[in-house]
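Working notes, structure below.
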Amino acid sequence: METARMPYRASASATRAAREDTEATHRPRPRWWTELALLVVVYAAYSAGRLLARGDVTTAVDHGLAILRIEKALLLNAEHPLNRLFTSTPAIGIPADFVYASLHYLVTPAVLVWLFRRRPARYRAARTWLMVSTVLGLVGFTLLPTCPPRLLDAGYGFVDTMAQYSSYGWWGTEASAPRGLGGMTNQYAAMPSLHVGWAVWCGVLLWKHARTPLVRWLGLAYPLVITVVVMGTANHYFLDAVAGAAVMGAGALLTRPVTRAVQRVRTRLMPGTVPLPSQAPSPSQVSSTSQAPSPSQVSSPARSARSAPIVSGGCETSAGERFPGQRTRSSTSTSSADDTPATAR
């Protein structure tokens with residue numbers, strides 16, 4: 001019985017996927033200025049939330065040390081060797097600091113713009129996925145403030161490469177913020193790592209939707225490079241990176257329910273809003289309706305004759321006058337006596 005149901009399930013899932021692709025394709029392209037305003041508002045709210053989520057420093061340090069102990073117990077402590085490599089080799093440490101301080105804010109908007117222009121049918125879902133995951137990350141910052149490795153006591157063996165190589169870049173000694181603006185960032189918002197989370201988002205979308213093999217492979221390598229960078233620069237633990245990827249996974253699962261909820265709210269608040277074409281007929285339904293009607297739907301000649309409107313209105317032609325192709329009255333007298341509607345009689 002189970003093997004007999006498998007083709008049906010496969011066809012049902014394929015039909016559902018095709019319907020969703022059709023709906024996404026036929027949605028109107030969003031306006032760029034409304035999307036820009038939405039992204040600016042969401043990012044501003046996220047940045048303000050990071051600042052408001054500042055917790056007690058002692059609690060953040062305790063959380064960081066707990067993560068470090070867990071990693072050592074699980075033999076996952078890759079931060080120390082990577083940090084020593086970045087610290088002792090400026091040719092690796094300086095480019096890594098630039099990667100940490102810049103790509104996070106350049107690649108993510110670039111992928112958004114690329115989706116908006118080249119893959120508009122995928123843009124809305126990708127944008128919603130990014131926003132939902134970012135909000136989940138903000139919840140993590142609030143519930144679990146964590147001290148990054150670079151801010152631990154020097155006795156724990158970590159060196160702040162951002163501070164060590166600060167003379168080469170625009171950042172100071174407070175994370176990747178420009179000099180003098182370190183107070184505008186929350187340095188204890190390390191769990192989860194959204195540097196890694198946003199990189200995973202970029203990598204998945206480039207791998208799925210890019211047409212050039214080189215771009216696809218670069219998308220696959222990007223989150224891996226960012227993971228190594230955040231650990232080597234002592235900005236995150238390995239478990240921070242794992243949590244960042246998990247947050248993006250949870251955001252992907254919540255994207256569709258959030259989209260439907262937003263659409264329902266929009267429909268209630270603005271009754272004139274045209275709903276998304278989720279109720280549009282599927283290709284299978286369209287093909288079924290285009291088939292020939294069933295025998296029960298086909299009218300019989302007698303029924304159609306009785307229900308058809310009378311064009312002549314009861315009038316008859318003059319004697320000897322005949323329409324082209326009209327039969328003589330003698331040949332039709334018998335049938336007209338039986339088949340002529342009552343009105344014509």
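Ligands are numbered from 1 in the order shown, residues from 1 within each chain, and chains are lettered A, B, ... in the order they appear in the structure tokens.
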8 Å contact set for stretch 251-254 of chain A, only C-alpha atoms, chain neighbours under 6 positions out, as a VMD selection string: chain A and resid 129 to 130 132 to 133 136
Compile a residue-level contact table for stretch 113-181 of chain A against stretch 209-220 of chain A at a cut-off of 10 Å, reporting for every qualifying residue the shortest atom pair and its distance in Å to one decimal, with only C-alpha atoms counted, rows ordered by chain and ascending number, as a tab-separated table.
residue	atom	partner	partner_atom	distance
A:Trp114	CA	A:Ala210	CA	9.8
A:Leu115	CA	A:His209	CA	8.7
A:Arg118	CA	A:His209	CA	9.4
A:Arg119	CA	A:His209	CA	7.8
A:Arg122	CA	A:His209	CA	8.9
Write the residues you've just listed into a file as a CSV table (one decimal), in the first residue's frame, and include all heavy atoms for each of them.
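Here's the written file selection01.csv:
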chain,number,residue,atom,x,y,z
A,114,TRP,N,20.5,42.0,-6.4
A,114,TRP,CA,20.6,41.1,-7.5
A,114,TRP,C,19.3,40.3,-7.6
A,114,TRP,O,18.8,40.1,-8.7
A,114,TRP,CB,21.8,40.1,-7.3
A,114,TRP,CG,21.8,39.0,-8.3
A,114,TRP,CD1,22.1,39.0,-9.6
A,114,TRP,CD2,21.5,37.6,-7.9
A,114,TRP,NE1,22.0,37.7,-10.1
A,114,TRP,CE2,21.7,36.8,-9.1
A,114,TRP,CE3,21.2,36.9,-6.7
A,114,TRP,CZ2,21.5,35.5,-9.1
A,114,TRP,CZ3,21.0,35.6,-6.8
A,114,TRP,CH2,21.1,34.8,-8.0
A,115,LEU,N,18.8,39.8,-6.5
A,115,LEU,CA,17.5,39.1,-6.5
A,115,LEU,C,16.4,40.0,-7.0
A,115,LEU,O,15.5,39.6,-7.8
A,115,LEU,CB,17.2,38.6,-5.1
A,115,LEU,CG,18.0,37.3,-4.7
A,115,LEU,CD1,17.7,37.1,-3.2
A,115,LEU,CD2,17.6,36.1,-5.5
A,118,ARG,N,17.2,40.4,-10.9
A,118,ARG,CA,17.3,39.3,-11.8
A,118,ARG,C,16.3,38.1,-11.4
A,118,ARG,O,15.9,37.4,-12.3
A,118,ARG,CB,18.7,38.7,-11.7
A,118,ARG,CG,19.8,39.7,-12.1
A,118,ARG,CD,19.8,39.9,-13.6
A,118,ARG,NE,20.9,40.8,-14.0
A,118,ARG,CZ,21.1,41.1,-15.3
A,118,ARG,NH1,20.4,40.6,-16.2
A,118,ARG,NH2,22.1,41.9,-15.6
A,119,ARG,N,15.9,38.0,-10.2
A,119,ARG,CA,15.0,37.0,-9.7
A,119,ARG,C,13.9,37.6,-8.9
A,119,ARG,O,13.7,37.3,-7.7
A,119,ARG,CB,15.8,36.0,-8.9
A,119,ARG,CG,16.9,35.3,-9.6
A,119,ARG,CD,16.4,34.3,-10.6
A,119,ARG,NE,17.6,33.5,-11.2
A,119,ARG,CZ,18.3,33.9,-12.2
A,119,ARG,NH1,18.0,35.1,-12.8
A,119,ARG,NH2,19.3,33.2,-12.7
A,122,ARG,N,11.7,35.4,-6.7
A,122,ARG,CA,12.2,34.8,-5.5
A,122,ARG,C,12.5,35.9,-4.5
A,122,ARG,O,12.9,35.6,-3.3
A,122,ARG,CB,13.5,34.1,-5.8
A,122,ARG,CG,13.4,33.0,-6.9
A,122,ARG,CD,12.4,31.9,-6.4
A,122,ARG,NE,12.3,30.9,-7.4
A,122,ARG,CZ,11.4,29.9,-7.2
A,122,ARG,NH1,10.7,29.8,-6.2
A,122,ARG,NH2,11.3,28.9,-8.2
- request: Extract, using only C-alpha atoms, all DNA, RNA and protein residues at most 12 Å from stretch 161-169 of chain A, discarding same-chain residues fewer than 3 positions from it, and format them as an MDAnalysis selection string.
  value: chainID A and resid 82:102 149:151 158 172:179 229:235
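Using only C-alpha atoms, the nearest neighbour of A:Asn77 within the list A:Val139, A:Val204, A:Leu239, A:Met191 is A:Leu239.
Among the candidates A:Leu269, A:Ala126, A:Leu144, A:Val159, the one nearest to A:Leu205 when counting only C-alpha atoms is A:Ala126.
Taking only C-alpha atoms into account, A:Arg69 lies nearest to A:Phe238 out of the set A:Thr185, A:Val41, A:Arg266, A:Phe238.
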- line: Atom pair atom CA of A:Val258 + atom CA of A:Ala125, distance 10.0 Å
- request: Fewer than 3 positions away in the same chain doesn't count, so skip those; otherwise give me all residues within 7 Å of A:Tyr188, counting only C-alpha atoms, as a list in words.
  value: Ala60, Pro145, Thr146, Cys147 and Pro148 of chain A
task: Could you give me, as an NGL selection string, the residues within 7 Å of A:Ala245, counting only C-alpha atoms and dropping anything in the same chain fewer than 6 positions from it?
output: :A and (196-197 or 200)
Please dump the current selection as a PDB file, in the first residue's frame; keep all heavy atoms.
ATOM      1  N   VAL A 196      27.876  34.974  10.294  1.00  0.00           N
ATOM      2  CA  VAL A 196      27.771  33.656   9.678  1.00  0.00           C
ATOM      3  C   VAL A 196      26.358  33.423   9.140  1.00  0.00           C
ATOM      4  O   VAL A 196      26.179  32.877   8.047  1.00  0.00           O
ATOM      5  CB  VAL A 196      28.157  32.561  10.686  1.00  0.00           C
ATOM      6  CG1 VAL A 196      27.927  31.170  10.106  1.00  0.00           C
ATOM      7  CG2 VAL A 196      29.615  32.719  11.105  1.00  0.00           C
ATOM      8  N   GLY A 197      25.348  33.846   9.897  1.00  0.00           N
ATOM      9  CA  GLY A 197      23.973  33.636   9.465  1.00  0.00           C
ATOM     10  C   GLY A 197      23.665  34.312   8.146  1.00  0.00           C
ATOM     11  O   GLY A 197      23.113  33.690   7.225  1.00  0.00           O
ATOM     12  N   VAL A 200      25.364  32.536   5.336  1.00  0.00           N
ATOM     13  CA  VAL A 200      24.635  31.329   4.932  1.00  0.00           C
ATOM     14  C   VAL A 200      23.478  31.706   4.016  1.00  0.00           C
ATOM     15  O   VAL A 200      23.219  31.037   3.002  1.00  0.00           O
ATOM     16  CB  VAL A 200      24.139  30.566   6.178  1.00  0.00           C
ATOM     17  CG1 VAL A 200      23.145  29.481   5.795  1.00  0.00           C
ATOM     18  CG2 VAL A 200      25.315  29.971   6.938  1.00  0.00           C
TER      19      VAL A 200
END
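In this model, the gap between atom CA of A:Arg260 and atom CA of A:Val111 comes to 24.0 Å.
Between atom CA of A:Val228 and atom CA of A:Phe141 there is a distance of 21.3 Å.
Distances from A:Thr128, A:Leu106, A:His63, A:Pro81 to A:Pro257 were compared using only C-alpha atoms, and the smallest one belongs to A:Thr128.
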message: as a PyMOL selection string, please: every residue in stretch 50-79 of chain A that DSSP puts in helix (DSSP H, G or I).
response: chain A and resi 50-52+57-73+79
Dump as a PDB file, in the first residue's frame, selection limited to N, CA and C atoms:
ATOM      1  N   ARG A  50      19.705  45.925  19.259  1.00  0.00           N
ATOM      2  CA  ARG A  50      21.006  45.448  19.732  1.00  0.00           C
ATOM      3  C   ARG A  50      21.531  46.319  20.872  1.00  0.00           C
ATOM      4  N   LEU A  51      21.345  47.632  20.731  1.00  0.00           N
ATOM      5  CA  LEU A  51      21.824  48.524  21.785  1.00  0.00           C
ATOM      6  C   LEU A  51      21.010  48.357  23.063  1.00  0.00           C
ATOM      7  N   LEU A  52      19.696  48.176  22.901  1.00  0.00           N
ATOM      8  CA  LEU A  52      18.851  48.005  24.087  1.00  0.00           C
ATOM      9  C   LEU A  52      19.052  46.650  24.740  1.00  0.00           C
ATOM     10  N   VAL A  57      27.807  42.873  32.000  1.00  0.00           N
ATOM     11  CA  VAL A  57      29.077  42.407  31.465  1.00  0.00           C
ATOM     12  C   VAL A  57      29.491  41.100  32.139  1.00  0.00           C
ATOM     13  N   THR A  58      29.278  41.008  33.445  1.00  0.00           N
ATOM     14  CA  THR A  58      29.645  39.784  34.159  1.00  0.00           C
ATOM     15  C   THR A  58      28.877  38.581  33.624  1.00  0.00           C
ATOM     16  N   THR A  59      27.587  38.772  33.360  1.00  0.00           N
ATOM     17  CA  THR A  59      26.781  37.686  32.794  1.00  0.00           C
ATOM     18  C   THR A  59      27.276  37.305  31.406  1.00  0.00           C
ATOM     19  N   ALA A  60      27.626  38.300  30.594  1.00  0.00           N
ATOM     20  CA  ALA A  60      28.121  38.019  29.248  1.00  0.00           C
ATOM     21  C   ALA A  60      29.437  37.257  29.295  1.00  0.00           C
ATOM     22  N   VAL A  61      30.325  37.622  30.223  1.00  0.00           N
ATOM     23  CA  VAL A  61      31.592  36.903  30.355  1.00  0.00           C
ATOM     24  C   VAL A  61      31.356  35.470  30.808  1.00  0.00           C
ATOM     25  N   ASP A  62      30.452  35.284  31.745  1.00  0.00           N
ATOM     26  CA  ASP A  62      30.133  33.928  32.205  1.00  0.00           C
ATOM     27  C   ASP A  62      29.610  33.068  31.058  1.00  0.00           C
ATOM     28  N   HIS A  63      28.758  33.640  30.220  1.00  0.00           N
ATOM     29  CA  HIS A  63      28.238  32.896  29.075  1.00  0.00           C
ATOM     30  C   HIS A  63      29.363  32.539  28.101  1.00  0.00           C
ATOM     31  N   GLY A  64      30.265  33.478  27.856  1.00  0.00           N
ATOM     32  CA  GLY A  64      31.376  33.198  26.957  1.00  0.00           C
ATOM     33  C   GLY A  64      32.279  32.089  27.476  1.00  0.00           C
ATOM     34  N   LEU A  65      32.588  32.118  28.757  1.00  0.00           N
ATOM     35  CA  LEU A  65      33.429  31.077  29.339  1.00  0.00           C
ATOM     36  C   LEU A  65      32.722  29.725  29.330  1.00  0.00           C
ATOM     37  N   ALA A  66      31.402  29.728  29.534  1.00  0.00           N
ATOM     38  CA  ALA A  66      30.651  28.472  29.474  1.00  0.00           C
ATOM     39  C   ALA A  66      30.710  27.867  28.081  1.00  0.00           C
ATOM     40  N   ILE A  67      30.578  28.703  27.047  1.00  0.00           N
ATOM     41  CA  ILE A  67      30.670  28.208  25.670  1.00  0.00           C
ATOM     42  C   ILE A  67      32.061  27.647  25.405  1.00  0.00           C
ATOM     43  N   LEU A  68      33.085  28.338  25.917  1.00  0.00           N
ATOM     44  CA  LEU A  68      34.455  27.870  25.712  1.00  0.00           C
ATOM     45  C   LEU A  68      34.685  26.519  26.385  1.00  0.00           C
ATOM     46  N   ARG A  69      34.144  26.326  27.569  1.00  0.00           N
ATOM     47  CA  ARG A  69      34.285  25.041  28.259  1.00  0.00           C
ATOM     48  C   ARG A  69      33.563  23.925  27.507  1.00  0.00           C
ATOM     49  N   ILE A  70      32.380  24.236  26.981  1.00  0.00           N
ATOM     50  CA  ILE A  70      31.643  23.221  26.216  1.00  0.00           C
ATOM     51  C   ILE A  70      32.426  22.813  24.974  1.00  0.00           C
ATOM     52  N   GLU A  71      33.011  23.792  24.288  1.00  0.00           N
ATOM     53  CA  GLU A  71      33.771  23.479  23.084  1.00  0.00           C
ATOM     54  C   GLU A  71      35.003  22.629  23.398  1.00  0.00           C
ATOM     55  N   LYS A  72      35.677  22.936  24.484  1.00  0.00           N
ATOM     56  CA  LYS A  72      36.843  22.132  24.863  1.00  0.00           C
ATOM     57  C   LYS A  72      36.425  20.707  25.217  1.00  0.00           C
ATOM     58  N   ALA A  73      35.293  20.573  25.886  1.00  0.00           N
ATOM     59  CA  ALA A  73      34.825  19.230  26.241  1.00  0.00           C
ATOM     60  C   ALA A  73      34.450  18.425  24.992  1.00  0.00           C
ATOM     61  N   GLU A  79      39.163  27.955  17.825  1.00  0.00           N
ATOM     62  CA  GLU A  79      39.445  29.395  17.891  1.00  0.00           C
ATOM     63  C   GLU A  79      40.903  29.680  18.239  1.00  0.00           C
TER      64      GLU A  79
END
